[in-house]
Amino acid sequence: MKAAQLALSGVDKFYGPVDRGVHAVKSLTMQLDEGEIVALLGSSGCGKTSTLRMIAGFEAVSRGTISVAGKPVHELPPVRRNVAMAFEGYSLYPPLTVRENIAFALKAAKLSQAAVDAKVNEIAKLLEIEDILHRYPSSISGGQQQRASLGRALVRSASLHLLDEPMGQLEPQLRAVLRGRIKHFIKERGLTAILVTHDQTEANALADRIAVMEGGVLQQFDTPTVIKEKPANLFTGTFVGEPPMNVFAADATLEGGRVRLDLPQGVSLTYPESEFAQQVRDRLRALRQVVIGVRPYAVRRITNGVAASVATNQWLGDQTHIAADFAGGTIVLVEHDRARVGIGDTIGIGIEPRHLHIFDAATGEAVAHGMELA
C-alpha cells in the first residue's frame, strides 16, 4: 500500500475568532496517497481554496493537524513545507522574465545551468510558452501568465504540488490539450498533486479521486466514476454531472407486490417489488418520503410512458437535449440522435428502476443507487 503523502485530520478554518468567526472549513479529514492527483471540487466559497492555502501554509489552521510525508507541518512556515504552488492570481515576480520566474526555484536548489535550462525548456514546450520566455509578466496575457505560474510550480522538486484553478484563464481548446499533457507529466514523475477547481470536466480529466466540498464540509471523496454513479448524498448527485441529475420529491408506498413512487401533480412511477433489494424496500417503508434522481442520459422516450410536454428541444451537433414539463417540474433527456419533436408535443417518459437514485428527503443521504436496487 502506498504511503499517505498528505494527511489532514479534523482541520477547521475560522476567519475571525475560533467558534465565533466565519467557519470556512469544517472538521476536514482526508488522506492523499503518494503519486496521487486529487481535485478539490466545489462552488465558490465552499472552502476548497482555504484548504489549499492551509496546506501551503498561507493560512493558519484554526484546529486540527496537517502532515506531509508523515511529518506535521501545520505550524511550519511555507518555506519549510517543501510545497510547490501555482496560484490562481499567478504571483509571478515582475522584475524577472518568464524564463527567470520558472527557473527561480531551480537556481535556488543549486542545479547546474544546463539542468536548469533543460527543465525550463521542457516545461515551456509542454505549456506552449516557448515564445514568451524572454518577456516580462506585465507584457503577456493573463492566460500566458497562468501557464508561466503553472510551469514554475510543476518544474520544482517538491513533496506536494498545489494547483489553484490552474487553467481558468485558458481558452477551452488549449485547456483540453493541456489537461492531458499535465496529467501525463505529473504521473510520469510520480508527483503528488492537489487541484482546486469548480470545473467538473477538469476534475474528471485530471484527478484520480475527487473531494466534493460544500459549505466547508467534505461531501464525498472517491473516484470520478463512483461519485457520478453512487453519489453519497443529494448535493453530490446534483452537483456532479452535466446536464445535472433530474430530481423529484416522492412518496414511497409498498403494497400488492409493487413499489409506487408518487410524484407531484398526480404522477406515479410503479415497479415490481422484485426490482428492489429487501434492504431498500425496508428503508422505503421506514422513510416514505424520498427524493428520486435520474441522470438525463438514462431517461427514455417510450410509447406507453408517463406523459410529459416538450418545453425545449436543442440539437448540440452530436446529441439532443430535450426539456419537458413533468411532475410539476422539468425533466431533461439526452439522446444521441436528432429528435424530431416540437415544443408542446406530448412524449412518454420511461425510467427504469436500475437507473434510479434514491435519497432520504430529510437528510439528503443516499438510500440506494441504480444497480444496487436489486
# chains A, B, ... in the order shown; residues from 1 in each chain; ligands from 1
>>> residues_around(residues="Leu234 of chain A", least_positions_apart="2", cutoff="8 Å", atoms="only C-alpha atoms", output="ChimeraX atom specification")
/A:231-232,236-238,359,364-366
>>> write_last_selection(atoms="all heavy atoms", output="PDB file, in the first residue's frame")
ATOM      1  N   PRO A 231     -23.454   8.724  -5.876  1.00  0.00           N
ATOM      2  CA  PRO A 231     -23.282   9.916  -5.033  1.00  0.00           C
ATOM      3  C   PRO A 231     -23.710   9.643  -3.595  1.00  0.00           C
ATOM      4  O   PRO A 231     -24.721   8.980  -3.357  1.00  0.00           O
ATOM      5  CB  PRO A 231     -24.189  10.948  -5.704  1.00  0.00           C
ATOM      6  CG  PRO A 231     -25.170  10.152  -6.513  1.00  0.00           C
ATOM      7  CD  PRO A 231     -24.436   8.923  -6.948  1.00  0.00           C
ATOM      8  N   ALA A 232     -22.935  10.154  -2.654  1.00  0.00           N
ATOM      9  CA  ALA A 232     -23.195   9.891  -1.236  1.00  0.00           C
ATOM     10  C   ALA A 232     -24.436  10.603  -0.732  1.00  0.00           C
ATOM     11  O   ALA A 232     -25.046  10.169   0.248  1.00  0.00           O
ATOM     12  CB  ALA A 232     -21.988  10.310  -0.398  1.00  0.00           C
ATOM     13  N   THR A 236     -24.157  15.997  -3.781  1.00  0.00           N
ATOM     14  CA  THR A 236     -23.179  15.481  -4.730  1.00  0.00           C
ATOM     15  C   THR A 236     -23.859  14.981  -5.995  1.00  0.00           C
ATOM     16  O   THR A 236     -23.376  15.199  -7.106  1.00  0.00           O
ATOM     17  CB  THR A 236     -22.363  14.343  -4.091  1.00  0.00           C
ATOM     18  OG1 THR A 236     -21.723  14.832  -2.907  1.00  0.00           O
ATOM     19  CG2 THR A 236     -21.304  13.835  -5.044  1.00  0.00           C
ATOM     20  N   GLY A 237     -25.001  14.326  -5.846  1.00  0.00           N
ATOM     21  CA  GLY A 237     -25.716  13.811  -7.002  1.00  0.00           C
ATOM     22  C   GLY A 237     -26.108  14.890  -7.979  1.00  0.00           C
ATOM     23  O   GLY A 237     -26.020  14.709  -9.200  1.00  0.00           O
ATOM     24  N   THR A 238     -26.537  16.047  -7.464  1.00  0.00           N
ATOM     25  CA  THR A 238     -26.987  17.124  -8.344  1.00  0.00           C
ATOM     26  C   THR A 238     -25.854  18.048  -8.771  1.00  0.00           C
ATOM     27  O   THR A 238     -25.946  18.697  -9.811  1.00  0.00           O
ATOM     28  CB  THR A 238     -28.079  17.956  -7.652  1.00  0.00           C
ATOM     29  OG1 THR A 238     -27.616  18.404  -6.366  1.00  0.00           O
ATOM     30  CG2 THR A 238     -29.348  17.135  -7.455  1.00  0.00           C
ATOM     31  N   PHE A 359     -32.812   9.089  -2.445  1.00  0.00           N
ATOM     32  CA  PHE A 359     -32.215   9.817  -1.328  1.00  0.00           C
ATOM     33  C   PHE A 359     -33.255  10.028  -0.226  1.00  0.00           C
ATOM     34  O   PHE A 359     -34.461  10.160  -0.503  1.00  0.00           O
ATOM     35  CB  PHE A 359     -31.702  11.190  -1.789  1.00  0.00           C
ATOM     36  CG  PHE A 359     -30.716  11.124  -2.926  1.00  0.00           C
ATOM     37  CD1 PHE A 359     -31.148  11.249  -4.245  1.00  0.00           C
ATOM     38  CD2 PHE A 359     -29.367  10.933  -2.681  1.00  0.00           C
ATOM     39  CE1 PHE A 359     -30.251  11.184  -5.295  1.00  0.00           C
ATOM     40  CE2 PHE A 359     -28.456  10.867  -3.730  1.00  0.00           C
ATOM     41  CZ  PHE A 359     -28.900  10.995  -5.038  1.00  0.00           C
ATOM     42  N   GLY A 364     -31.019  14.034   2.977  1.00  0.00           N
ATOM     43  CA  GLY A 364     -30.310  14.100   1.693  1.00  0.00           C
ATOM     44  C   GLY A 364     -29.362  12.936   1.471  1.00  0.00           C
ATOM     45  O   GLY A 364     -28.766  12.810   0.400  1.00  0.00           O
ATOM     46  N   GLU A 365     -29.206  12.052   2.452  1.00  0.00           N
ATOM     47  CA  GLU A 365     -28.276  10.937   2.311  1.00  0.00           C
ATOM     48  C   GLU A 365     -28.821   9.915   1.322  1.00  0.00           C
ATOM     49  O   GLU A 365     -30.030   9.680   1.221  1.00  0.00           O
ATOM     50  CB  GLU A 365     -28.045  10.274   3.672  1.00  0.00           C
ATOM     51  CG  GLU A 365     -27.295  11.156   4.654  1.00  0.00           C
ATOM     52  CD  GLU A 365     -27.062  10.477   5.986  1.00  0.00           C
ATOM     53  OE1 GLU A 365     -27.491   9.295   6.133  1.00  0.00           O
ATOM     54  OE2 GLU A 365     -26.471  11.101   6.889  1.00  0.00           O
ATOM     55  N   ALA A 366     -27.911   9.259   0.610  1.00  0.00           N
ATOM     56  CA  ALA A 366     -28.308   8.254  -0.376  1.00  0.00           C
ATOM     57  C   ALA A 366     -28.890   7.019   0.297  1.00  0.00           C
ATOM     58  O   ALA A 366     -28.360   6.544   1.304  1.00  0.00           O
ATOM     59  CB  ALA A 366     -27.123   7.880  -1.232  1.00  0.00           C
TER      60      ALA A 366
END
>>> select_by_dssp(residues="segment 257-347 of chain A", states="strand (DSSP E)", output="ChimeraX atom specification")
/A:258-262,268-272,289-294,300-315,320-326,329-335,346-347
>>> write_last_selection(atoms="N, CA and C atoms", output="CSV table (one decimal), in the first residue's frame")
chain,number,residue,atom,x,y,z
A,258,ARG,N,-45.9,-4.3,-5.3
A,258,ARG,CA,-45.5,-3.2,-6.1
A,258,ARG,C,-44.9,-2.1,-5.3
A,259,VAL,N,-43.9,-1.4,-5.8
A,259,VAL,CA,-43.4,-0.2,-5.2
A,259,VAL,C,-43.9,1.0,-6.1
A,260,ARG,N,-44.6,1.9,-5.4
A,260,ARG,CA,-45.2,3.0,-6.1
A,260,ARG,C,-44.5,4.3,-5.6
A,261,LEU,N,-44.0,5.1,-6.5
A,261,LEU,CA,-43.4,6.4,-6.1
A,261,LEU,C,-44.3,7.5,-6.7
A,262,ASP,N,-45.0,8.1,-5.7
A,262,ASP,CA,-45.9,9.2,-6.1
A,262,ASP,C,-45.2,10.6,-6.1
A,268,SER,N,-47.2,9.1,-11.1
A,268,SER,CA,-46.7,7.9,-10.3
A,268,SER,C,-45.8,7.0,-11.2
A,269,LEU,N,-44.8,6.5,-10.5
A,269,LEU,CA,-43.9,5.5,-11.1
A,269,LEU,C,-44.1,4.2,-10.3
A,270,THR,N,-44.4,3.1,-11.0
A,270,THR,CA,-44.7,1.9,-10.3
A,270,THR,C,-43.8,0.8,-10.9
A,271,TYR,N,-43.3,0.0,-9.9
A,271,TYR,CA,-42.3,-1.1,-10.3
A,271,TYR,C,-42.6,-2.3,-9.5
A,272,PRO,N,-42.3,-3.5,-10.0
A,272,PRO,CA,-42.4,-4.7,-9.2
A,272,PRO,C,-41.5,-4.7,-8.0
A,289,GLN,N,-41.1,9.3,2.7
A,289,GLN,CA,-40.7,10.5,1.8
A,289,GLN,C,-39.3,10.4,1.4
A,290,VAL,N,-39.1,10.4,0.1
A,290,VAL,CA,-37.8,10.3,-0.5
A,290,VAL,C,-37.6,11.4,-1.6
A,291,VAL,N,-36.4,11.5,-2.2
A,291,VAL,CA,-36.2,12.2,-3.4
A,291,VAL,C,-35.6,11.2,-4.4
A,292,ILE,N,-36.2,11.1,-5.6
A,292,ILE,CA,-35.6,10.3,-6.6
A,292,ILE,C,-34.8,11.1,-7.6
A,293,GLY,N,-33.7,10.5,-8.1
A,293,GLY,CA,-32.9,11.2,-9.1
A,293,GLY,C,-32.7,10.2,-10.3
A,294,VAL,N,-32.5,10.8,-11.5
A,294,VAL,CA,-32.2,10.0,-12.6
A,294,VAL,C,-31.4,10.9,-13.6
A,300,ARG,N,-35.7,7.8,-20.9
A,300,ARG,CA,-36.0,7.3,-22.2
A,300,ARG,C,-37.4,7.8,-22.7
A,301,ARG,N,-37.5,8.0,-24.0
A,301,ARG,CA,-38.9,8.3,-24.6
A,301,ARG,C,-39.5,6.9,-25.0
A,302,ILE,N,-40.6,6.6,-24.4
A,302,ILE,CA,-41.3,5.3,-24.7
A,302,ILE,C,-42.7,5.5,-25.0
A,303,THR,N,-43.3,4.6,-25.8
A,303,THR,CA,-44.7,4.8,-26.2
A,303,THR,C,-45.7,4.8,-25.1
A,304,ASN,N,-45.6,4.0,-24.1
A,304,ASN,CA,-46.5,3.9,-23.0
A,304,ASN,C,-46.0,4.5,-21.7
A,305,GLY,N,-45.1,5.5,-21.9
A,305,GLY,CA,-44.5,6.1,-20.7
A,305,GLY,C,-45.4,7.2,-20.1
A,306,VAL,N,-45.0,7.8,-19.0
A,306,VAL,CA,-45.7,8.9,-18.3
A,306,VAL,C,-45.7,10.1,-19.2
A,307,ALA,N,-46.8,10.7,-19.4
A,307,ALA,CA,-46.9,11.9,-20.3
A,307,ALA,C,-46.2,13.1,-19.8
A,308,ALA,N,-45.5,13.7,-20.8
A,308,ALA,CA,-44.7,15.0,-20.5
A,308,ALA,C,-44.8,15.9,-21.7
A,309,SER,N,-44.9,17.2,-21.5
A,309,SER,CA,-45.0,18.2,-22.6
A,309,SER,C,-43.6,18.8,-22.9
A,310,VAL,N,-43.2,18.7,-24.1
A,310,VAL,CA,-41.9,19.2,-24.5
A,310,VAL,C,-41.8,20.7,-24.4
A,311,ALA,N,-40.8,21.2,-23.6
A,311,ALA,CA,-40.6,22.7,-23.4
A,311,ALA,C,-39.5,23.2,-24.3
A,312,THR,N,-38.4,22.4,-24.5
A,312,THR,CA,-37.4,22.8,-25.4
A,312,THR,C,-36.8,21.6,-26.1
A,313,ASN,N,-36.2,21.8,-27.2
A,313,ASN,CA,-35.5,20.7,-28.0
A,313,ASN,C,-34.3,21.3,-28.6
A,314,GLN,N,-33.1,21.0,-28.1
A,314,GLN,CA,-31.9,21.6,-28.6
A,314,GLN,C,-31.0,20.5,-29.2
A,315,TRP,N,-30.6,20.7,-30.4
A,315,TRP,CA,-29.6,19.8,-31.1
A,315,TRP,C,-28.2,20.5,-31.0
A,320,THR,N,-29.0,15.4,-28.6
A,320,THR,CA,-30.2,16.3,-28.4
A,320,THR,C,-30.5,16.4,-26.9
A,321,HIS,N,-30.8,17.6,-26.5
A,321,HIS,CA,-31.2,17.8,-25.1
A,321,HIS,C,-32.7,18.2,-25.2
A,322,ILE,N,-33.5,17.4,-24.6
A,322,ILE,CA,-35.0,17.7,-24.5
A,322,ILE,C,-35.3,18.1,-23.1
A,323,ALA,N,-36.0,19.2,-22.9
A,323,ALA,CA,-36.6,19.5,-21.6
A,323,ALA,C,-38.1,19.4,-21.7
A,324,ALA,N,-38.7,18.7,-20.7
A,324,ALA,CA,-40.1,18.6,-20.8
A,324,ALA,C,-40.8,18.8,-19.4
A,325,ASP,N,-42.0,19.4,-19.4
A,325,ASP,CA,-42.7,19.6,-18.2
A,325,ASP,C,-43.2,18.2,-17.7
A,326,PHE,N,-42.8,18.0,-16.4
A,326,PHE,CA,-43.1,16.6,-15.8
A,326,PHE,C,-43.2,16.7,-14.3
A,329,GLY,N,-42.4,19.9,-12.5
A,329,GLY,CA,-41.1,20.5,-12.7
A,329,GLY,C,-40.6,20.2,-14.1
A,330,THR,N,-39.3,20.1,-14.3
A,330,THR,CA,-38.8,19.9,-15.6
A,330,THR,C,-37.9,18.6,-15.6
A,331,ILE,N,-38.0,17.8,-16.6
A,331,ILE,CA,-37.2,16.6,-16.7
A,331,ILE,C,-36.4,16.8,-18.0
A,332,VAL,N,-35.1,16.5,-18.0
A,332,VAL,CA,-34.2,16.7,-19.1
A,332,VAL,C,-33.8,15.3,-19.6
A,333,LEU,N,-33.9,15.1,-20.9
A,333,LEU,CA,-33.4,13.9,-21.6
A,333,LEU,C,-32.3,14.2,-22.5
A,334,VAL,N,-31.3,13.3,-22.6
A,334,VAL,CA,-30.2,13.4,-23.6
A,334,VAL,C,-30.3,12.2,-24.5
A,335,GLU,N,-30.3,12.5,-25.8
A,335,GLU,CA,-30.3,11.5,-26.8
A,335,GLU,C,-29.2,11.7,-27.8
A,346,THR,N,-46.5,16.0,-26.8
A,346,THR,CA,-46.5,15.1,-25.7
A,346,THR,C,-45.6,13.9,-26.0
A,347,ILE,N,-44.8,13.6,-25.1
A,347,ILE,CA,-43.9,12.4,-25.2
A,347,ILE,C,-44.1,11.5,-24.0
>>> residues_around(residues="segment 153-168 of chain A", least_positions_apart="5", cutoff="6 Å", atoms="only C-alpha atoms", output="PyMOL selection string")
chain A and resi 82-88+192-197
>>> write_last_selection(atoms="N, CA, C and O atoms", output="short mmCIF file (atom, residue, chain, number, x, y, z; two decimals), in the first residue's frame")
data_model
loop_
_atom_site.label_atom_id
_atom_site.label_comp_id
_atom_site.auth_asym_id
_atom_site.auth_seq_id
_atom_site.Cartn_x
_atom_site.Cartn_y
_atom_site.Cartn_z
N ASN A 82 8.17 22.36 1.83
CA ASN A 82 8.53 21.71 0.56
C ASN A 82 7.31 21.49 -0.32
O ASN A 82 7.05 20.40 -0.82
N VAL A 83 6.55 22.57 -0.49
CA VAL A 83 5.34 22.54 -1.29
C VAL A 83 5.46 23.54 -2.44
O VAL A 83 5.91 24.67 -2.24
N ALA A 84 5.11 23.11 -3.64
CA ALA A 84 5.11 24.00 -4.80
C ALA A 84 3.66 24.36 -5.12
O ALA A 84 2.79 23.48 -5.15
N MET A 85 3.40 25.65 -5.34
CA MET A 85 2.02 26.09 -5.55
C MET A 85 1.90 27.00 -6.75
O MET A 85 2.69 27.92 -6.93
N ALA A 86 0.90 26.72 -7.59
CA ALA A 86 0.53 27.61 -8.69
C ALA A 86 -0.72 28.35 -8.26
O ALA A 86 -1.76 27.75 -8.04
N PHE A 87 -0.59 29.67 -8.10
CA PHE A 87 -1.69 30.49 -7.60
C PHE A 87 -2.67 30.84 -8.72
O PHE A 87 -2.27 31.01 -9.88
N GLU A 88 -3.94 30.99 -8.34
CA GLU A 88 -4.93 31.47 -9.31
C GLU A 88 -4.57 32.87 -9.79
O GLU A 88 -4.82 33.24 -10.93
N THR A 192 2.84 14.13 -6.39
CA THR A 192 1.57 14.14 -5.67
C THR A 192 0.99 15.54 -5.81
O THR A 192 1.66 16.53 -5.50
N ALA A 193 -0.22 15.64 -6.31
CA ALA A 193 -0.77 16.95 -6.64
C ALA A 193 -2.21 17.10 -6.15
O ALA A 193 -2.99 16.14 -6.15
N ILE A 194 -2.54 18.34 -5.75
CA ILE A 194 -3.91 18.70 -5.38
C ILE A 194 -4.34 19.84 -6.29
O ILE A 194 -3.64 20.86 -6.41
N LEU A 195 -5.48 19.66 -6.92
CA LEU A 195 -6.02 20.63 -7.86
C LEU A 195 -7.30 21.22 -7.28
O LEU A 195 -8.19 20.48 -6.87
N VAL A 196 -7.37 22.54 -7.21
CA VAL A 196 -8.61 23.21 -6.82
C VAL A 196 -9.32 23.67 -8.09
O VAL A 196 -8.72 24.31 -8.95
N THR A 197 -10.59 23.30 -8.22
CA THR A 197 -11.34 23.70 -9.40
C THR A 197 -12.83 23.71 -9.11
O THR A 197 -13.31 23.03 -8.21
#
>>> atom_distance(atom1="atom CA of Leu32 of chain A", atom2="atom CA of Gln5 of chain A")
5.7 Å
>>> atom_distance(atom1="atom CA of Leu150 of chain A", atom2="atom CA of Ile210 of chain A")
20.3 Å
>>> atom_distance(atom1="atom CA of Asp222 of chain A", atom2="atom CA of Val25 of chain A")
19.0 Å
>>> closest_residue(among="A:Gln219, A:Gln319, A:Ser50, A:Thr97", to="Met30 of chain A", atoms="only C-alpha atoms")
A:Gln219
>>> select_by_dssp(residues="segment 77-315 of chain A", states="alpha helix (DSSP H)", output="ChimeraX atom specification")
/A:98-108,113-127,142-154,172-188,200-206,224-229,234-239,278-287
>>> residues_around(residues="Lys13 of chain A", least_positions_apart="2", cutoff="12 Å", atoms="only C-alpha atoms", output="number ranges by chain")
A: 10-11, 15-28, 46-55, 59-65, 215-217
>>> write_last_selection(atoms="N, CA, C and O atoms", output="compact mmCIF listing (two decimals), in the first residue's frame")
# COMPACT_ATOMS: atom_id res chain seq x y z
N GLY A 10 -9.18 16.44 11.16
CA GLY A 10 -10.02 17.35 11.93
C GLY A 10 -9.69 18.82 11.71
O GLY A 10 -9.75 19.62 12.65
N VAL A 11 -9.39 19.20 10.47
CA VAL A 11 -8.95 20.57 10.19
C VAL A 11 -10.14 21.53 10.11
O VAL A 11 -11.09 21.30 9.36
N TYR A 15 -12.34 32.30 9.97
CA TYR A 15 -11.88 33.66 9.70
C TYR A 15 -12.50 34.53 10.78
O TYR A 15 -13.71 34.77 10.80
N GLY A 16 -11.66 34.94 11.73
CA GLY A 16 -12.14 35.60 12.93
C GLY A 16 -11.95 34.67 14.11
O GLY A 16 -11.28 33.64 13.99
N PRO A 17 -12.52 34.99 15.27
CA PRO A 17 -12.32 34.16 16.46
C PRO A 17 -12.80 32.72 16.26
O PRO A 17 -13.83 32.49 15.61
N VAL A 18 -12.06 31.76 16.79
CA VAL A 18 -12.44 30.37 16.73
C VAL A 18 -13.80 30.18 17.38
O VAL A 18 -14.07 30.71 18.46
N ASP A 19 -14.67 29.44 16.72
CA ASP A 19 -16.04 29.14 17.15
C ASP A 19 -16.98 30.33 17.08
O ASP A 19 -18.18 30.18 17.36
N ARG A 20 -16.46 31.51 16.68
CA ARG A 20 -17.35 32.67 16.55
C ARG A 20 -17.22 33.36 15.20
O ARG A 20 -18.11 34.09 14.79
N GLY A 21 -16.12 33.12 14.52
CA GLY A 21 -15.92 33.73 13.22
C GLY A 21 -16.58 32.94 12.10
O GLY A 21 -17.39 32.03 12.34
N VAL A 22 -16.25 33.26 10.86
CA VAL A 22 -16.78 32.55 9.70
C VAL A 22 -16.09 31.19 9.62
O VAL A 22 -14.87 31.11 9.53
N HIS A 23 -16.89 30.15 9.66
CA HIS A 23 -16.36 28.78 9.69
C HIS A 23 -16.22 28.30 8.24
O HIS A 23 -17.13 27.72 7.66
N ALA A 24 -15.05 28.49 7.65
CA ALA A 24 -14.86 28.25 6.22
C ALA A 24 -14.60 26.79 5.89
O ALA A 24 -14.99 26.30 4.83
N VAL A 25 -13.89 26.07 6.77
CA VAL A 25 -13.61 24.65 6.59
C VAL A 25 -13.95 23.95 7.90
O VAL A 25 -13.53 24.38 8.97
N LYS A 26 -14.72 22.85 7.80
CA LYS A 26 -15.29 22.23 9.00
C LYS A 26 -14.83 20.79 9.17
O LYS A 26 -15.21 19.90 8.39
N SER A 27 -13.96 20.58 10.15
CA SER A 27 -13.52 19.25 10.57
C SER A 27 -13.15 18.37 9.37
O SER A 27 -13.65 17.25 9.21
N LEU A 28 -12.26 18.86 8.54
CA LEU A 28 -11.87 18.16 7.32
C LEU A 28 -10.82 17.10 7.61
O LEU A 28 -9.76 17.39 8.14
N CYS A 46 -16.88 27.33 -1.05
CA CYS A 46 -17.12 26.03 -0.41
C CYS A 46 -16.00 25.62 0.53
O CYS A 46 -16.14 24.65 1.28
N GLY A 47 -14.84 26.32 0.49
CA GLY A 47 -13.74 26.01 1.38
C GLY A 47 -12.55 25.36 0.71
O GLY A 47 -11.53 25.09 1.36
N LYS A 48 -12.63 25.14 -0.60
CA LYS A 48 -11.54 24.42 -1.27
C LYS A 48 -10.24 25.22 -1.32
O LYS A 48 -9.15 24.67 -1.06
N THR A 49 -10.32 26.52 -1.63
CA THR A 49 -9.10 27.34 -1.69
C THR A 49 -8.53 27.57 -0.29
O THR A 49 -7.30 27.56 -0.11
N SER A 50 -9.39 27.75 0.69
CA SER A 50 -8.91 27.87 2.08
C SER A 50 -8.15 26.62 2.49
O SER A 50 -7.11 26.69 3.15
N THR A 51 -8.65 25.47 2.08
CA THR A 51 -7.97 24.21 2.38
C THR A 51 -6.59 24.17 1.73
O THR A 51 -5.59 23.82 2.37
N LEU A 52 -6.53 24.54 0.47
CA LEU A 52 -5.25 24.53 -0.24
C LEU A 52 -4.25 25.48 0.41
O LEU A 52 -3.08 25.16 0.58
N ARG A 53 -4.73 26.66 0.81
CA ARG A 53 -3.84 27.65 1.40
C ARG A 53 -3.37 27.23 2.80
O ARG A 53 -2.27 27.56 3.21
N MET A 54 -4.19 26.47 3.53
CA MET A 54 -3.73 25.93 4.81
C MET A 54 -2.64 24.88 4.60
O MET A 54 -1.67 24.83 5.35
N ILE A 55 -2.80 24.06 3.57
CA ILE A 55 -1.78 23.06 3.27
C ILE A 55 -0.46 23.74 2.90
O ILE A 55 0.62 23.33 3.32
N GLU A 59 -2.42 30.17 5.09
CA GLU A 59 -3.49 30.41 6.06
C GLU A 59 -3.21 29.55 7.27
O GLU A 59 -2.79 28.39 7.15
N ALA A 60 -3.47 30.08 8.45
CA ALA A 60 -3.26 29.32 9.69
C ALA A 60 -4.39 28.30 9.88
O ALA A 60 -5.54 28.56 9.54
N VAL A 61 -4.05 27.16 10.43
CA VAL A 61 -5.04 26.14 10.79
C VAL A 61 -5.65 26.53 12.13
O VAL A 61 -4.94 26.73 13.11
N SER A 62 -6.97 26.63 12.19
CA SER A 62 -7.63 27.00 13.44
C SER A 62 -7.66 25.84 14.42
O SER A 62 -7.50 26.01 15.63
N ARG A 63 -7.90 24.65 13.89
CA ARG A 63 -7.89 23.42 14.69
C ARG A 63 -7.48 22.27 13.79
O ARG A 63 -7.70 22.32 12.57
N GLY A 64 -6.92 21.21 14.39
CA GLY A 64 -6.57 20.03 13.61
C GLY A 64 -5.11 20.03 13.19
O GLY A 64 -4.33 20.92 13.54
N THR A 65 -4.75 19.00 12.43
CA THR A 65 -3.35 18.83 12.03
C THR A 65 -3.24 18.54 10.54
O THR A 65 -4.15 17.98 9.93
N GLY A 215 -20.11 24.24 1.60
CA GLY A 215 -20.30 24.83 2.92
C GLY A 215 -19.19 24.49 3.90
O GLY A 215 -19.43 24.41 5.11
N GLY A 216 -17.98 24.27 3.37
CA GLY A 216 -16.86 23.94 4.24
C GLY A 216 -16.79 22.49 4.65
O GLY A 216 -15.89 22.09 5.39
N VAL A 217 -17.73 21.67 4.17
CA VAL A 217 -17.82 20.26 4.58
C VAL A 217 -17.47 19.36 3.40
O VAL A 217 -17.93 19.58 2.27
>>> residues_around(residues="segment 112-124 of chain A", least_positions_apart="3", cutoff="10 Å", atoms="only C-alpha atoms", output="ChimeraX atom specification")
/A:98-107,109,127-133,147-148,150-152,154-156,182,185
>>> closest_residue(among="A:Asn233, A:Glu34, A:Gly370, A:Asp337", to="Leu218 of chain A", atoms="only C-alpha atoms")
A:Asn233
>>> residues_around(residues="Gln200 of chain A", least_positions_apart="2", cutoff="12 Å", atoms="only C-alpha atoms", output="PyMOL selection string")
chain A and resi 39-43+165+195-198+202-207+209-212+224+227-228+236+239-244
